[in-house]
$ cat data21.cif   # mmCIF, C-alpha atoms
data_run
loop_
_atom_site.label_atom_id
_atom_site.label_comp_id
_atom_site.auth_asym_id
_atom_site.auth_seq_id
_atom_site.Cartn_x
_atom_site.Cartn_y
_atom_site.Cartn_z
CA MET X 1 2.10 19.11 6.22
CA PRO X 2 4.44 20.91 3.84
CA GLU X 3 7.55 19.40 5.40
CA GLY X 4 6.15 15.88 5.45
CA ILE X 5 4.82 13.65 8.21
CA GLY X 6 6.92 13.36 11.36
CA VAL X 7 6.61 9.92 12.96
CA ALA X 8 7.36 8.61 16.44
CA VAL X 9 6.91 5.23 18.11
CA ILE X 10 6.48 4.95 21.86
CA GLY X 11 7.82 1.58 22.98
CA ALA X 12 11.00 -0.11 21.75
CA GLY X 13 9.99 -3.69 22.50
CA MET X 14 9.09 -6.44 20.06
CA ALA X 15 5.88 -4.88 18.68
CA GLY X 16 7.35 -1.38 18.91
CA LYS X 17 10.17 -2.41 16.60
CA ALA X 18 7.59 -3.83 14.18
CA HIS X 19 5.85 -0.43 14.09
CA ALA X 20 9.17 1.41 13.72
CA SER X 21 10.19 -0.76 10.78
CA ALA X 22 6.73 -0.51 9.22
CA TYR X 23 6.84 3.29 9.01
CA ARG X 24 10.21 3.01 7.29
CA THR X 25 8.76 0.61 4.71
CA ALA X 26 5.31 2.19 4.28
CA PRO X 27 6.26 4.89 1.73
CA THR X 28 7.69 2.20 -0.59
CA LEU X 29 4.36 0.36 -0.80
CA PHE X 30 2.00 1.10 -3.69
CA LYS X 31 2.11 4.44 -5.50
CA PRO X 32 4.34 7.27 -4.23
CA THR X 33 1.40 9.44 -3.16
CA LEU X 34 2.53 10.17 0.41
CA PRO X 35 4.36 13.35 1.38
CA PRO X 36 7.85 12.73 2.78
CA VAL X 37 7.82 10.61 5.95
CA ARG X 38 10.32 11.73 8.59
CA LEU X 39 11.35 9.11 11.15
CA VAL X 40 11.79 11.36 14.17
CA SER X 41 11.79 9.55 17.51
CA ILE X 42 11.63 6.25 19.34
CA GLY X 43 10.32 6.78 22.86
CA ASP X 44 11.14 4.37 25.66
CA ILE X 45 11.64 4.70 29.39
CA ASN X 46 14.75 2.53 28.98
CA PRO X 47 17.27 4.75 27.15
CA GLU X 48 19.34 1.77 26.00
CA PHE X 49 16.34 0.13 24.30
CA GLY X 50 15.21 3.42 22.78
CA SER X 51 18.63 4.36 21.45
CA ALA X 52 19.25 0.91 19.94
CA ALA X 53 15.90 0.93 18.12
CA ALA X 54 16.39 4.51 16.87
CA ARG X 55 19.78 3.62 15.38
CA ARG X 56 18.55 0.36 13.91
CA PHE X 57 15.53 1.82 12.10
CA GLY X 58 16.96 5.23 11.20
CA TYR X 59 15.05 7.50 13.59
CA GLU X 60 16.62 10.86 14.39
CA ARG X 61 16.54 10.58 18.17
CA THR X 62 15.13 8.85 21.22
CA ASP X 63 12.90 10.34 23.93
CA SER X 64 12.38 9.00 27.44
CA SER X 65 8.70 9.89 27.89
CA TRP X 66 5.47 10.19 25.94
CA GLN X 67 5.18 13.75 27.26
CA ALA X 68 8.33 14.77 25.36
CA ILE X 69 6.86 13.34 22.16
CA ALA X 70 3.53 15.08 22.78
CA GLU X 71 5.32 18.41 23.17
CA ALA X 72 7.53 17.99 20.08
CA ASP X 73 6.63 20.28 17.17
CA ASP X 74 8.31 18.00 14.62
CA ILE X 75 6.08 14.97 15.31
CA ASP X 76 2.64 14.46 13.73
CA VAL X 77 1.96 10.71 13.99
CA VAL X 78 2.60 8.44 16.98
CA SER X 79 2.28 4.69 17.49
CA VAL X 80 1.67 3.73 21.12
CA VAL X 81 3.16 0.30 21.79
CA ILE X 82 3.60 0.03 25.55
CA ALA X 83 2.02 -1.89 28.44
CA ASN X 84 -1.76 -2.00 28.04
CA SER X 85 -2.33 -0.33 31.43
CA LEU X 86 -0.37 2.72 30.22
CA HIS X 87 -2.29 3.23 26.98
CA ARG X 88 -4.96 5.61 28.27
CA GLU X 89 -2.68 8.22 29.82
CA ALA X 90 -0.37 8.33 26.80
CA VAL X 91 -3.11 8.28 24.15
CA ASP X 92 -5.21 10.93 25.89
CA GLY X 93 -2.17 13.19 26.26
CA LEU X 94 -1.08 12.74 22.65
CA LEU X 95 -4.56 13.44 21.29
CA ALA X 96 -4.79 16.55 23.47
CA ALA X 97 -1.52 17.68 21.88
CA GLY X 98 -3.01 17.20 18.39
CA LYS X 99 -1.03 14.08 17.47
CA HIS X 100 -2.56 11.40 15.28
CA VAL X 101 -2.41 8.13 17.22
CA LEU X 102 -2.19 4.47 16.21
CA CYS X 103 -2.60 2.44 19.42
CA GLU X 104 -1.63 -1.22 19.63
CA LYS X 105 -4.35 -3.67 20.54
CA PRO X 106 -5.98 -4.22 22.96
CA LEU X 107 -7.07 -0.65 23.44
CA SER X 108 -6.49 -0.84 27.20
CA ASP X 109 -6.32 -3.34 30.05
CA ASN X 110 -9.87 -2.59 31.19
CA LEU X 111 -13.20 -1.71 29.62
CA ASP X 112 -13.77 1.58 31.45
CA ASP X 113 -10.48 3.05 30.23
CA SER X 114 -11.09 1.87 26.67
CA ARG X 115 -14.51 3.55 26.61
CA ALA X 116 -13.00 6.75 27.99
CA MET X 117 -10.31 6.64 25.29
CA ALA X 118 -12.95 6.27 22.58
CA ALA X 119 -14.80 9.28 23.98
CA THR X 120 -11.59 11.32 23.95
CA ALA X 121 -10.91 10.26 20.37
CA ALA X 122 -14.43 11.21 19.27
CA ALA X 123 -13.96 14.71 20.69
CA SER X 124 -10.53 15.17 19.11
CA SER X 125 -9.74 16.64 15.72
CA ALA X 126 -6.84 14.19 15.42
CA ILE X 127 -7.17 10.70 13.93
CA ALA X 128 -7.14 7.78 16.38
CA ARG X 129 -6.92 4.15 15.23
CA VAL X 130 -6.23 0.78 16.84
CA GLY X 131 -3.85 -1.83 15.44
CA PHE X 132 -5.86 -4.84 14.27
CA THR X 133 -2.87 -5.93 12.22
CA PHE X 134 -4.16 -9.27 10.95
CA ARG X 135 -6.89 -7.52 8.98
CA ARG X 136 -4.04 -6.60 6.63
CA THR X 137 -2.88 -10.21 6.15
CA PRO X 138 -3.56 -11.01 2.46
CA GLY X 139 -4.71 -14.58 3.10
CA ILE X 140 -7.24 -13.56 5.76
CA ALA X 141 -8.51 -10.69 3.61
CA TYR X 142 -8.86 -13.09 0.67
CA ILE X 143 -10.95 -15.54 2.72
CA ARG X 144 -13.20 -12.62 3.67
CA GLU X 145 -13.56 -11.78 -0.05
CA LEU X 146 -14.51 -15.40 -0.82
CA ILE X 147 -17.19 -15.25 1.87
CA GLN X 148 -18.63 -11.88 0.90
CA SER X 149 -18.57 -12.56 -2.86
CA GLY X 150 -20.63 -15.72 -2.37
CA VAL X 151 -17.93 -18.17 -3.48
CA LEU X 152 -17.86 -19.61 0.03
CA GLY X 153 -21.10 -17.95 1.03
CA LYS X 154 -22.71 -17.73 4.45
CA VAL X 155 -20.52 -18.63 7.42
CA LEU X 156 -21.77 -21.58 9.44
CA HIS X 157 -18.94 -22.19 11.91
CA PHE X 158 -15.58 -20.63 12.81
CA SER X 159 -12.96 -22.66 14.66
CA GLY X 160 -9.73 -20.93 15.68
CA ARG X 161 -6.80 -21.10 18.03
CA TYR X 162 -3.83 -18.90 18.73
CA TRP X 163 -1.14 -20.86 20.54
CA THR X 164 2.11 -19.27 21.70
CA ASP X 165 4.84 -20.58 23.98
CA TYR X 166 6.58 -17.45 25.26
CA ALA X 167 5.41 -18.22 28.82
CA SER X 168 5.84 -22.00 28.76
CA ASP X 169 9.15 -21.79 30.63
CA PRO X 170 8.48 -21.34 34.38
CA GLN X 171 11.73 -19.35 34.57
CA ALA X 172 10.52 -16.71 32.12
CA PRO X 173 10.86 -13.48 34.13
CA MET X 174 7.94 -11.61 35.66
CA SER X 175 6.78 -8.66 33.57
CA TRP X 176 3.68 -6.52 33.05
CA ARG X 177 2.23 -9.26 30.83
CA TYR X 178 1.64 -11.46 33.90
CA GLN X 179 0.01 -8.77 36.00
CA GLY X 180 -3.58 -7.53 35.90
CA ALA X 181 -7.10 -8.84 36.22
CA ALA X 182 -8.34 -12.20 34.95
CA GLY X 183 -8.70 -11.94 31.19
CA SER X 184 -5.77 -9.55 30.77
CA GLY X 185 -3.31 -12.38 30.10
CA ALA X 186 -3.43 -14.73 27.12
CA LEU X 187 -7.03 -13.74 26.39
CA SER X 188 -6.07 -10.08 26.03
CA ASP X 189 -2.68 -10.64 24.41
CA VAL X 190 -3.47 -13.09 21.61
CA GLY X 191 -7.20 -13.63 22.15
CA SER X 192 -7.81 -10.04 21.11
CA HIS X 193 -6.31 -10.90 17.71
CA LEU X 194 -8.27 -14.13 17.30
CA SER X 195 -11.57 -12.53 18.30
CA TYR X 196 -11.39 -9.67 15.79
CA ILE X 197 -10.35 -12.12 13.06
CA ALA X 198 -13.41 -14.24 13.86
CA GLU X 199 -15.62 -11.14 13.58
CA PHE X 200 -13.81 -10.01 10.39
CA LEU X 201 -15.13 -13.19 8.78
CA SER X 202 -18.30 -14.00 10.73
CA GLY X 203 -19.73 -10.61 11.67
CA SER X 204 -20.29 -9.06 15.09
CA THR X 205 -20.44 -11.18 18.22
CA VAL X 206 -23.95 -11.67 19.61
CA SER X 207 -22.99 -13.63 22.73
CA VAL X 208 -20.26 -15.75 24.32
CA GLN X 209 -20.46 -18.72 26.66
CA GLY X 210 -18.33 -21.47 28.13
CA GLY X 211 -15.66 -18.97 29.15
CA GLN X 212 -12.64 -20.65 30.72
CA LEU X 213 -9.52 -18.96 32.10
CA SER X 214 -6.63 -20.89 33.60
CA THR X 215 -3.30 -19.94 35.17
CA THR X 216 -0.98 -22.91 34.80
CA ILE X 217 2.26 -21.35 36.10
CA GLY X 218 1.39 -19.58 39.34
CA SER X 219 4.56 -17.62 40.02
CA ARG X 220 7.58 -16.31 38.16
CA PRO X 221 11.03 -15.06 39.17
CA LYS X 222 11.60 -11.33 39.31
CA PRO X 223 14.08 -10.05 36.70
CA LEU X 224 17.39 -8.51 37.71
CA GLY X 225 17.16 -5.95 34.89
CA ALA X 226 14.87 -4.65 32.16
CA VAL X 227 12.84 -7.14 30.12
CA MET X 228 12.05 -6.52 26.44
CA GLY X 229 9.03 -8.17 24.88
CA HIS X 230 9.06 -11.92 25.39
CA ASP X 231 12.82 -12.07 25.94
CA HIS X 232 14.29 -13.99 28.80
CA ALA X 233 16.58 -12.18 31.22
CA GLU X 234 18.63 -12.87 34.31
CA VAL X 235 16.34 -13.48 37.26
CA SER X 236 16.57 -13.33 41.03
CA ASP X 237 15.63 -15.92 43.63
CA GLU X 238 12.55 -13.87 44.51
CA TYR X 239 9.22 -14.85 42.95
CA ALA X 240 5.98 -12.95 42.31
CA ASP X 241 2.50 -14.33 41.76
CA VAL X 242 1.08 -14.47 38.23
CA GLU X 243 -2.22 -12.60 38.35
CA ASN X 244 -3.84 -13.38 35.00
CA ASP X 245 -4.54 -16.20 32.56
CA ASP X 246 -2.10 -18.45 30.70
CA TYR X 247 -4.93 -20.13 28.78
CA ALA X 248 -8.42 -19.13 27.69
CA ALA X 249 -11.24 -20.72 25.70
CA PHE X 250 -14.83 -19.86 24.84
CA SER X 251 -17.57 -20.33 22.28
CA ALA X 252 -19.39 -17.53 20.54
CA GLU X 253 -22.50 -16.78 18.53
CA PHE X 254 -21.80 -14.38 15.68
CA GLU X 255 -23.99 -12.43 13.31
CA HIS X 256 -23.27 -15.28 10.89
CA GLY X 257 -22.71 -18.65 12.49
CA VAL X 258 -21.10 -19.84 15.69
CA GLY X 259 -17.52 -20.41 16.75
CA ALA X 260 -15.05 -21.98 19.16
CA LEU X 261 -11.88 -20.05 20.11
CA GLU X 262 -8.86 -21.14 22.16
CA VAL X 263 -5.68 -19.24 23.07
CA SER X 264 -2.58 -20.02 25.08
CA ARG X 265 0.79 -18.53 26.00
CA VAL X 266 2.07 -21.85 27.41
CA ALA X 267 1.70 -24.08 24.32
CA ALA X 268 5.20 -25.56 24.15
CA GLY X 269 6.48 -25.86 20.59
CA HIS X 270 4.11 -23.23 19.18
CA ALA X 271 6.04 -19.98 19.02
CA ASN X 272 3.36 -18.12 17.06
CA SER X 273 0.67 -20.49 15.82
CA LEU X 274 -2.44 -18.67 14.68
CA ASN X 275 -4.71 -21.17 12.92
CA PHE X 276 -8.35 -21.06 11.96
CA GLU X 277 -10.86 -22.87 9.79
CA VAL X 278 -14.11 -21.33 8.64
CA PHE X 279 -16.93 -23.54 7.37
CA CYS X 280 -19.47 -22.01 4.98
CA GLU X 281 -22.51 -23.02 2.98
CA ASN X 282 -20.42 -23.60 -0.18
CA GLY X 283 -17.22 -24.97 1.32
CA ALA X 284 -14.51 -24.06 3.78
CA ALA X 285 -11.14 -22.33 4.10
CA ARG X 286 -8.27 -22.51 6.54
CA PHE X 287 -5.28 -20.35 7.40
CA ASP X 288 -2.03 -21.04 9.24
CA GLN X 289 0.12 -18.05 10.20
CA ARG X 290 3.23 -20.23 9.88
CA ARG X 291 2.48 -20.45 6.14
CA PRO X 292 1.18 -16.92 5.56
CA ALA X 293 1.62 -16.83 1.79
CA GLU X 294 -1.06 -19.43 1.18
CA ILE X 295 -4.50 -20.60 2.26
CA GLU X 296 -6.28 -23.93 1.88
CA LEU X 297 -9.63 -23.93 0.14
CA PHE X 298 -12.40 -26.54 -0.10
CA LEU X 299 -15.39 -26.04 -2.39
CA ASN X 300 -18.45 -28.28 -2.56
CA GLU X 301 -17.75 -29.58 -6.06
CA GLY X 302 -18.30 -33.18 -7.15
CA PRO X 303 -18.16 -36.33 -5.02
CA SER X 304 -16.69 -35.69 -1.58
CA SER X 305 -14.39 -38.70 -1.95
CA ARG X 306 -12.46 -36.85 -4.68
CA ASN X 307 -12.83 -33.32 -3.37
CA GLY X 308 -10.31 -32.41 -0.69
CA TYR X 309 -8.71 -29.17 0.42
CA ARG X 310 -6.43 -27.60 -2.16
CA GLN X 311 -3.51 -25.25 -1.63
CA VAL X 312 -3.92 -21.71 -2.96
CA VAL X 313 -0.60 -19.88 -3.21
CA LEU X 314 -1.29 -16.16 -2.84
CA GLY X 315 -0.04 -13.71 -5.45
CA PRO X 316 -0.78 -10.44 -7.27
CA GLU X 317 -4.48 -11.20 -7.75
CA HIS X 318 -5.04 -11.33 -3.98
CA PRO X 319 -5.55 -8.42 -1.56
CA TYR X 320 -2.77 -5.85 -1.01
CA LEU X 321 -0.15 -7.62 -3.14
CA SER X 322 -0.38 -6.21 -6.67
CA GLY X 323 1.62 -2.99 -6.78
CA GLY X 324 2.16 -3.20 -3.05
CA LEU X 325 5.37 -5.07 -2.34
CA ALA X 326 8.48 -4.15 -4.29
CA MET X 327 8.47 -7.66 -5.78
CA ASP X 328 4.79 -8.43 -6.32
CA ALA X 329 5.31 -11.52 -8.47
CA PRO X 330 3.68 -14.85 -7.63
CA SER X 331 5.27 -17.00 -4.91
CA THR X 332 7.67 -14.33 -3.64
CA GLY X 333 6.41 -14.68 -0.07
CA PHE X 334 5.42 -12.34 2.73
CA GLY X 335 4.52 -12.52 6.40
CA GLN X 336 3.45 -10.69 9.54
CA ASN X 337 6.01 -7.90 9.16
CA GLU X 338 4.43 -6.90 5.85
CA ALA X 339 1.03 -6.71 7.56
CA PHE X 340 2.47 -4.09 9.93
CA ALA X 341 3.78 -2.16 6.92
CA TYR X 342 0.37 -2.25 5.19
CA GLN X 343 -1.20 -1.02 8.42
CA ALA X 344 1.28 1.85 8.72
CA ARG X 345 0.68 2.81 5.08
CA SER X 346 -3.08 2.84 5.62
CA PHE X 347 -2.71 5.09 8.66
CA LEU X 348 -0.32 7.48 6.91
CA ASP X 349 -2.65 7.61 3.87
CA GLU X 350 -5.51 8.65 6.12
CA VAL X 351 -3.43 11.27 7.93
CA ALA X 352 -2.19 12.69 4.62
CA GLY X 353 -5.66 12.70 3.09
CA VAL X 354 -4.73 10.41 0.22
CA ASP X 355 -7.66 9.84 -2.14
CA ALA X 356 -9.66 6.83 -0.93
CA ALA X 357 -9.40 5.26 -4.37
CA GLU X 358 -5.63 5.08 -3.90
CA ALA X 359 -5.65 4.05 -0.22
CA LEU X 360 -5.82 0.79 1.68
CA PRO X 361 -8.93 0.28 3.83
CA VAL X 362 -8.90 2.53 6.89
CA CYS X 363 -7.50 1.07 10.11
CA ALA X 364 -9.89 0.06 12.90
CA SER X 365 -11.49 2.83 14.95
CA PHE X 366 -11.35 3.22 18.72
CA ASP X 367 -15.05 2.27 18.78
CA GLU X 368 -14.04 -1.05 17.19
CA GLY X 369 -11.31 -1.32 19.81
CA VAL X 370 -13.95 -0.85 22.53
CA HIS X 371 -16.11 -3.56 20.96
CA ASN X 372 -13.12 -5.91 21.02
CA MET X 373 -12.64 -5.11 24.73
CA GLU X 374 -16.36 -5.75 25.35
CA MET X 375 -16.03 -9.19 23.80
CA LEU X 376 -13.01 -10.03 25.98
CA ALA X 377 -14.81 -8.69 29.07
CA ALA X 378 -17.80 -10.89 28.27
CA VAL X 379 -15.53 -13.95 28.12
CA ALA X 380 -14.04 -13.05 31.52
CA GLU X 381 -17.56 -12.58 32.91
CA SER X 382 -18.62 -15.96 31.53
CA ALA X 383 -15.57 -17.59 33.14
CA ARG X 384 -16.38 -16.03 36.53
CA ALA X 385 -19.94 -17.40 36.27
CA ASP X 386 -18.96 -21.01 35.43
CA GLY X 387 -19.38 -20.55 31.69
CA LYS X 388 -22.77 -18.85 31.59
CA LYS X 389 -23.98 -17.18 28.40
CA VAL X 390 -23.21 -13.45 28.23
CA SER X 391 -24.83 -11.27 25.57
CA LEU X 392 -23.07 -8.30 24.00
#

$ encode --input "data21.cif" --output "structure tokens"
Amino acid sequence: MPEGIGVAVIGAGMAGKAHASAYRTAPTLFKPTLPPVRLVSIGDINPEFGSAAARRFGYERTDSSWQAIAEADDIDVVSVVIANSLHREAVDGLLAAGKHVLCEKPLSDNLDDSRAMAATAAASSAIARVGFTFRRTPGIAYIRELIQSGVLGKVLHFSGRYWTDYASDPQAPMSWRYQGAAGSGALSDVGSHLSYIAEFLSGSTVSVQGGQLSTTIGSRPKPLGAVMGHDHAEVSDEYADVENDDYAAFSAEFEHGVGALEVSRVAAGHANSLNFEVFCENGAARFDQRRPAEIELFLNEGPSSRNGYRQVVLGPEHPYLSGGLAMDAPSTGFGQNEAFAYQARSFLDEVAGVDAAEALPVCASFDEGVHNMEMLAAVAESARADGKKVSL
């Protein structure tokens, strides 16, 4: 790519803007080994949203369809950040056009489409990855290091929840997020994150059971205009039925240990509360996304009456921080936006063929995205069968 890497993002909503900003930041992370990165286009069916995001993040133009981006000769890399049900058509078309694709999680809204996408990716010469963004969170990566190095040792039990409140208001307008089969709601939206985090620490899922899906707000008002992300908007007096789950819970057996997972989009007061605790043979660790620059660590040392959890403030000696952020000194802070930037840098490194010794770990493959979908489908199957055990 003698003229550099041309980048586009399809989708100008909340997560789309995170991708757009991440590509802008990615070349400033770590060593300057990337070719020039050209911010070319933000694609969105709503021209107002697309134009505003393009101006905000310094992209050259906006396009109104994924087809226009697929046909563009000045674009090499595309993030697909649109409704889950639209992923397959866009991703398949972009790969056919030779574009390298980073698709937001979950890979699709159904298992058949996700498997077909993985087959298309396997047959393509282009690179296809899925956005498991929290794998790039330094605290979570550090806990994984503590497990794999033997400091914490073998995982016995994972307990996690991802509570959000974007749907707790019954007047929140109807959107694509509330439409689709059981399991495509909170379980797919935030449960997809929690499930791959659990596997990142505990190994592959062997089985799930006790699946529970619940819709607590049965209908929502139709919006009078376009809705972006989780934003509220003016609504009409006409209501539509909510088709999928506001809440989900299940237990799982992993390669290492067992776990209990709970997710919600109607947890009032919890805007974005990802929390987990992992219990191991030599101690335990916990993480709270609201305090992303630290973890809490417990090691089995001395009398239990004097040995509580201690705060570990993350700094240059922890994953992705040294030489990564512009200010990589201790206690400077970071959060979820930086995880998107690390992810974008990893993807661009792979596209550019940066030496593996200089690169971040490769982003998740479409096969891993399919596995994530299989886990979510197993939970939905368990819920339909009154919580029965479902093997993967």

$ closest_residue --input "data21.cif" --among "X:Ala52, X:Ala128, X:Leu29, X:Ala260" --to "Ala326 of chain X" --atoms "all atoms listed in the file"
X:Leu29

$ resolve_selection --input "data21.cif" --expression "the PyMOL selection byres ((chain X and resi 164) around 7)" --output "VMD selection string"
chain X and resid 162 to 163 165 to 166 264 to 267 270 to 273

$ resolve_selection --input "data21.cif" --expression "the PyMOL selection byres ((chain X and resi 281-298) around 6)" --output "MDAnalysis selection string"
chainID X and resid 152:154 274:280 299:300 309:314 333:335

$ atom_distance --input "data21.cif" --atom1 "atom CA of Ala118 of chain X" --atom2 "atom CA of Leu392 of chain X"
17.8 Å

$ resolve_selection --input "data21.cif" --expression "the PyMOL selection byres ((chain X and resi 248) around 12)" --output "PyMOL selection string"
chain X and resi 161-163+182-192+194-195+210-216+244-247+249-251+260-267+376+379-380+382-383+387

$ write_last_selection --input "data21.cif" --atoms "C-alpha atoms" --output "mmCIF file, in the frame of the given file"
data_model
loop_
_atom_site.group_PDB
_atom_site.id
_atom_site.type_symbol
_atom_site.label_atom_id
_atom_site.label_comp_id
_atom_site.auth_asym_id
_atom_site.auth_seq_id
_atom_site.Cartn_x
_atom_site.Cartn_y
_atom_site.Cartn_z
ATOM 1 C CA ARG X 161 -6.800 -21.100 18.030
ATOM 2 C CA TYR X 162 -3.830 -18.900 18.730
ATOM 3 C CA TRP X 163 -1.140 -20.860 20.540
ATOM 4 C CA ALA X 182 -8.340 -12.200 34.950
ATOM 5 C CA GLY X 183 -8.700 -11.940 31.190
ATOM 6 C CA SER X 184 -5.770 -9.550 30.770
ATOM 7 C CA GLY X 185 -3.310 -12.380 30.100
ATOM 8 C CA ALA X 186 -3.430 -14.730 27.120
ATOM 9 C CA LEU X 187 -7.030 -13.740 26.390
ATOM 10 C CA SER X 188 -6.070 -10.080 26.030
ATOM 11 C CA ASP X 189 -2.680 -10.640 24.410
ATOM 12 C CA VAL X 190 -3.470 -13.090 21.610
ATOM 13 C CA GLY X 191 -7.200 -13.630 22.150
ATOM 14 C CA SER X 192 -7.810 -10.040 21.110
ATOM 15 C CA LEU X 194 -8.270 -14.130 17.300
ATOM 16 C CA SER X 195 -11.570 -12.530 18.300
ATOM 17 C CA GLY X 210 -18.330 -21.470 28.130
ATOM 18 C CA GLY X 211 -15.660 -18.970 29.150
ATOM 19 C CA GLN X 212 -12.640 -20.650 30.720
ATOM 20 C CA LEU X 213 -9.520 -18.960 32.100
ATOM 21 C CA SER X 214 -6.630 -20.890 33.600
ATOM 22 C CA THR X 215 -3.300 -19.940 35.170
ATOM 23 C CA THR X 216 -0.980 -22.910 34.800
ATOM 24 C CA ASN X 244 -3.840 -13.380 35.000
ATOM 25 C CA ASP X 245 -4.540 -16.200 32.560
ATOM 26 C CA ASP X 246 -2.100 -18.450 30.700
ATOM 27 C CA TYR X 247 -4.930 -20.130 28.780
ATOM 28 C CA ALA X 249 -11.240 -20.720 25.700
ATOM 29 C CA PHE X 250 -14.830 -19.860 24.840
ATOM 30 C CA SER X 251 -17.570 -20.330 22.280
ATOM 31 C CA ALA X 260 -15.050 -21.980 19.160
ATOM 32 C CA LEU X 261 -11.880 -20.050 20.110
ATOM 33 C CA GLU X 262 -8.860 -21.140 22.160
ATOM 34 C CA VAL X 263 -5.680 -19.240 23.070
ATOM 35 C CA SER X 264 -2.580 -20.020 25.080
ATOM 36 C CA ARG X 265 0.790 -18.530 26.000
ATOM 37 C CA VAL X 266 2.070 -21.850 27.410
ATOM 38 C CA ALA X 267 1.700 -24.080 24.320
ATOM 39 C CA LEU X 376 -13.010 -10.030 25.980
ATOM 40 C CA VAL X 379 -15.530 -13.950 28.120
ATOM 41 C CA ALA X 380 -14.040 -13.050 31.520
ATOM 42 C CA SER X 382 -18.620 -15.960 31.530
ATOM 43 C CA ALA X 383 -15.570 -17.590 33.140
ATOM 44 C CA GLY X 387 -19.380 -20.550 31.690
#

$ decode --input "data21.cif" --residues "segment 158-175 of chain X" --atoms "N, CA and C atoms" --output "mmCIF file, in the first residue's frame"
data_model
loop_
_atom_site.group_PDB
_atom_site.id
_atom_site.type_symbol
_atom_site.label_atom_id
_atom_site.label_comp_id
_atom_site.auth_asym_id
_atom_site.auth_seq_id
_atom_site.Cartn_x
_atom_site.Cartn_y
_atom_site.Cartn_z
ATOM 1 N N PHE X 158 -15.872 -18.410 37.808
ATOM 2 C CA PHE X 158 -16.005 -17.056 37.260
ATOM 3 C C PHE X 158 -17.414 -16.558 37.556
ATOM 4 N N SER X 159 -17.505 -15.358 38.092
ATOM 5 C CA SER X 159 -18.805 -14.749 38.367
ATOM 6 C C SER X 159 -18.819 -13.355 37.745
ATOM 7 N N GLY X 160 -19.733 -13.112 36.798
ATOM 8 C CA GLY X 160 -19.722 -11.828 36.105
ATOM 9 C C GLY X 160 -21.102 -11.304 35.805
ATOM 10 N N ARG X 161 -21.199 -9.997 35.701
ATOM 11 C CA ARG X 161 -22.445 -9.376 35.269
ATOM 12 C C ARG X 161 -22.111 -8.162 34.412
ATOM 13 N N TYR X 162 -22.993 -7.877 33.491
ATOM 14 C CA TYR X 162 -22.880 -6.664 32.688
ATOM 15 C C TYR X 162 -24.257 -6.011 32.718
ATOM 16 N N TRP X 163 -24.364 -4.992 33.557
ATOM 17 C CA TRP X 163 -25.628 -4.283 33.739
ATOM 18 C C TRP X 163 -25.569 -2.945 33.009
ATOM 19 N N THR X 164 -26.577 -2.661 32.221
ATOM 20 C CA THR X 164 -26.733 -1.360 31.564
ATOM 21 C C THR X 164 -28.165 -0.878 31.789
ATOM 22 N N ASP X 165 -28.377 0.408 31.589
ATOM 23 C CA ASP X 165 -29.717 0.956 31.848
ATOM 24 C C ASP X 165 -30.308 1.704 30.659
ATOM 25 N N TYR X 166 -29.731 1.505 29.457
ATOM 26 C CA TYR X 166 -30.191 2.306 28.324
ATOM 27 C C TYR X 166 -31.643 2.025 27.951
ATOM 28 N N ALA X 167 -32.181 0.874 28.390
ATOM 29 C CA ALA X 167 -33.570 0.533 28.068
ATOM 30 C C ALA X 167 -34.479 0.573 29.290
ATOM 31 N N SER X 168 -34.000 1.124 30.400
ATOM 32 C CA SER X 168 -34.802 1.106 31.625
ATOM 33 C C SER X 168 -35.978 2.073 31.569
ATOM 34 N N ASP X 169 -35.911 3.071 30.710
ATOM 35 C CA ASP X 169 -37.015 4.009 30.540
ATOM 36 C C ASP X 169 -38.016 3.431 29.541
ATOM 37 N N PRO X 170 -39.272 3.200 29.951
ATOM 38 C CA PRO X 170 -40.262 2.646 29.016
ATOM 39 C C PRO X 170 -40.525 3.533 27.802
ATOM 40 N N GLN X 171 -40.122 4.811 27.892
ATOM 41 C CA GLN X 171 -40.326 5.731 26.769
ATOM 42 C C GLN X 171 -39.132 5.776 25.818
ATOM 43 N N ALA X 172 -38.105 4.981 26.099
ATOM 44 C CA ALA X 172 -36.998 4.887 25.144
ATOM 45 C C ALA X 172 -37.563 4.390 23.818
ATOM 46 N N PRO X 173 -37.237 5.042 22.700
ATOM 47 C CA PRO X 173 -37.903 4.736 21.434
ATOM 48 C C PRO X 173 -37.547 3.355 20.882
ATOM 49 N N MET X 174 -38.491 2.776 20.163
ATOM 50 C CA MET X 174 -38.257 1.512 19.469
ATOM 51 C C MET X 174 -37.114 1.680 18.468
ATOM 52 N N SER X 175 -36.254 0.662 18.408
ATOM 53 C CA SER X 175 -35.166 0.643 17.423
ATOM 54 C C SER X 175 -34.855 -0.816 17.112
#
